[in-house]
Structures are given as C-alpha cells and as structure tokens.
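Undergrad: Questions regarding the structure given below will be posed in turn.
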Amino acid sequence: MYKKRKILSIVKFTILLIFALAILYPLFWMIGGSFKPEATIFKDLGLIPKEFTLENYFIGWQSNGRVTFSTYFKNSILISVLCVIGNLLSCTLAAYAFARLHFKCKNILFALMMMTLMLPQHAIIVPQYVYFYKMGWIDTIIPLILPKFLATDAFFVYLLIQFIRGIPRELDEAAIVDGCSSYKVFSKIILPLCQPALVTTTIFTFMWSWNDFFTQIIYLRTADHYTVTLALRMFIDPTARSAYGAMFAMSTLSIIPILILFIFFQKQLIEGVATSGLKG
C-alpha cells in the first residue's frame with residue numbers, strides 16, 4: 001500500500017511538472033531571447049543562448065533618447081502603489097460596514113455591489129472617459145487612481161467581507177463592552193486580524209495595476225506619463241522594423257517587481273485566499 005501511494009505521488013508530481021514546464025516555457029524562452037542577438041532570436045529556439053549578449057538591455061533602456069525606461073518604471077510604481085493604498089483604505093472600510101454594521105438597504109447595496117462584478121469594464125469606459133475629460137484629468141494618473149479610493153473593486157470588498165465574517169463576533173462585543181467605538185473595533189481588532197486578506201489585496205491590486213494596459217492607453221497620452229506596459233508597445237512597429245530583442249529584455253525586467261512581491265508574501269497570499277473562501 002505504501003509503495004502504491006508513493007508511485008501514485010510520483011506520477012502526479014511528474015504530470016504536474018510537465019504541465020508547469022509547458023506553461024512556463026514561453027516565459028523561459030522570452031528570458032533566454034533577451035540575451036540573444038536580435039538577428040538570432042527566432043532562429044535559435046533553444047532556451048539557453050548560444051551567443052550571450054546584454055545589448056538588448058542597453059538598447060531597451062535607452063529606447064527613447066529623451067525618456068529612458070526608468071521613467072516608465074517610476075510611473076508604473078507610483079500608479080501601482082497609489083492603487084494599492086486606495087484599495088486597502090476603501091475596500092477594508094466598505095467590507096467592515098457590510099460584514100459588521102447594520103444600516104438601511106444593506107442587502108440591496110450588497111447585491112448592487114456584487115452585480116458590478118458581472119459588469120464588463122468596456123460598458124462603462126465611455127461615460128467614465130467623458131466625465132474625466134470634462135474634469136480635465138485626461139493624460140494624468142487621476143483617472144487610474146481615483147476609482148480605487150472609492151471602493152470600486154467589488155472583488156476585494158467581497159474577499160475582505162468573507163475574511164471578516166470568519167472573525168468571531170465575540171471579539172467585537174468584548175471590545176465594545178470595554179468602551180471601544182466601531183472605529184476602534186475596526187482599527188484595533190479587525191485590521192490586525194485581516195493581515196492575510198490585506199496582503200492578498202495588496203499583491204493582486206499591485207499586479208493588476210502593474211499589468212494594466214487597456215485603461216492606461218485610454219487615459220495616458222504623452223510618453224512622459226507612460227507606464228511599463230505602454231512603453232513595451234512602442235517596441236512593436238507594424239510599418240517598420242520591430243525591436244523584439246529590446247522588448248524581450250524590458251519585458252524580463254518588468255516581471256521582477258511582481259516576482260519579488262510574490263516571493264516575500266506568498267505565505268500570506270495563500271493563507272488569505274484559502275481563509276477567505278471558507279465561509280460564505
């Protein structure tokens with residue numbers, strides 16, 4: 001019986017490893033291609049470069065003589081960090097209100113919030129654009145950040161609601177007996193216990209903001225305000241020669257912040273996702 005279980009575990013691990021390698025192969029090929037001379041990228045299909053070079057990284061970093069790629073990284077980091085702060089502030093407050101407080105039309109408002117999860121972004125982008133255009137905020141980061149401070153990401157609100165519902169109400173009641181107000185209960189009891197869910201919100205918000213292309217290409221106009229995702233698009237020119245080597249090099253650098261974030265907080269991320277799904 002022990003041998004059968006061991007053999008079954010080896011077979012499962014082998015199958016999962018094959019699927020993982022198949023999924024990660026394009027990523028490894030892109031990273032390997034970033035170190036190949038551009039003329040050999042599509043001729044040498046191996047993962048390990050036969051001829052190693054860093055030229056693609058130098059060319060990609062100085063992609064636009066006046067604006068280097070460091071500007072795009074700064075813009076992406078600024079937008080992603082502000083989006084994280086906005087979601088943490090607004091979504092935790094909204095989740096606490098739905099999970100713990102009692103107010104009129106609570107169930108109706110919760111249902112309306114959940115309905116926004118089924119509403120495609122393309123359906124609201126036009127009225128949003130018109131509104132931000134009349135406010136004079138086009139070609140600024142405000143349209144990308146402001147919605148995050150208004151708890152518009154219903155997914156994270158729901159995630160935090162599920163986590164807060166798993167916290168015993170006895171803790172709230174004990175704190176209220178000791179004289180704590182709802183704000184004190186939120187800041188002293190709920191927030192410290194919500195750390196895994198907050199880390200999950202942080203990682204996913206940062207990742208989605210960092211990789212966002214659709215919203216950023218609509219609201220950002222000038223190269224000085226471009227983010228990494230928009231800058232990568234500039235390497236592809238359908239009317240001229242595309243710089244694939246430089247694009248692969250900068251794409252490789254663009255995944256490093258997300259990779260570092262996941263490595264440091266993977267334990268809290270897994271715990272937050274798993275715990276938030278236990279109670280409905």
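As shown in the structure tokens, the chain order sets the letters A, B, ...; within each chain, residues go from 1, and ligands are also counted from 1 in the order they appear.
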If you take only C-alpha atoms and a cut-off of 8 Å, which residues of stretch 46-83 of chain A touch stretch 145-168 of chain A, and what are their nearest atom pairs and distances in Å to one decimal, in chain and number order, as CSV?
TA:
residue,atom,partner,partner_atom,distance
A:Ile79,CA,A:Ile145,CA,6.9
A:Leu82,CA,A:Ile145,CA,6.5
A:Cys83,CA,A:Ile145,CA,5.5
Undergrad: Convert the current residue selection to file output with C-alpha atoms, as a PDB file, in the first residue's frame.
TA:
ATOM      1  CA  ILE A  79       0.382  54.259 -10.014  1.00  0.00           C
ATOM      2  CA  LEU A  82      -1.336  54.525  -5.022  1.00  0.00           C
ATOM      3  CA  CYS A  83      -3.843  51.959  -6.305  1.00  0.00           C
TER       4      CYS A  83
END
Undergrad: Any idea what's packed within 6 Å of stretch 227-229 of chain A, counting only C-alpha atoms, ignoring anything in its chain fewer than 6 positions away? Could you give it as an NGL selection string?
TA: :A and (72-73 or 75-76 or 213)
Undergrad: Write out as a tab-separated table the residues of stretch 57-91 of chain A that have any atom within 12 Å of an atom of stretch 18-40 of chain A, one row each with the nearest atom pair and its distance in Å to one decimal, counting only C-alpha atoms, sorted by chain and then rising number.
TA:
residue	atom	partner	partner_atom	distance
A:Tyr57	CA	A:Ser34	CA	7.6
A:Phe58	CA	A:Ser34	CA	11.0
A:Ile59	CA	A:Glu38	CA	11.0
A:Gly60	CA	A:Ser34	CA	10.1
Undergrad: So the first atom is atom CA of A:Thr222 and the second is atom CA of A:Ile255; what is the distance between them in Å, to one decimal place?
TA: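 Going from atom CA of A:Thr222 over to atom CA of A:Ile255, I get 23.5 Å.
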Undergrad: I'd like the interatomic distance between atom CA of A:Ile85 and atom CA of A:Thr201, to a tenth of an Å.
TA: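 Taking atom CA of A:Ile85 and atom CA of A:Thr201, their separation equals 10.1 Å.
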Undergrad: Under the rule that only C-alpha atoms are counted, which of A:Ala123, A:Ala249, A:Leu101, A:Leu88 is the nearest residue to A:Ala197?
TA: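 For A:Ala197, the nearest of the given residues is A:Leu88.
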Undergrad: Nearest to A:Ile142: which of A:Pro49, A:Gly86, A:Pro196, A:Gly245 is it, counting only C-alpha atoms?
TA: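 Among A:Pro49, A:Gly86, A:Pro196, A:Gly245, it is A:Gly86 that comes nearest to A:Ile142.
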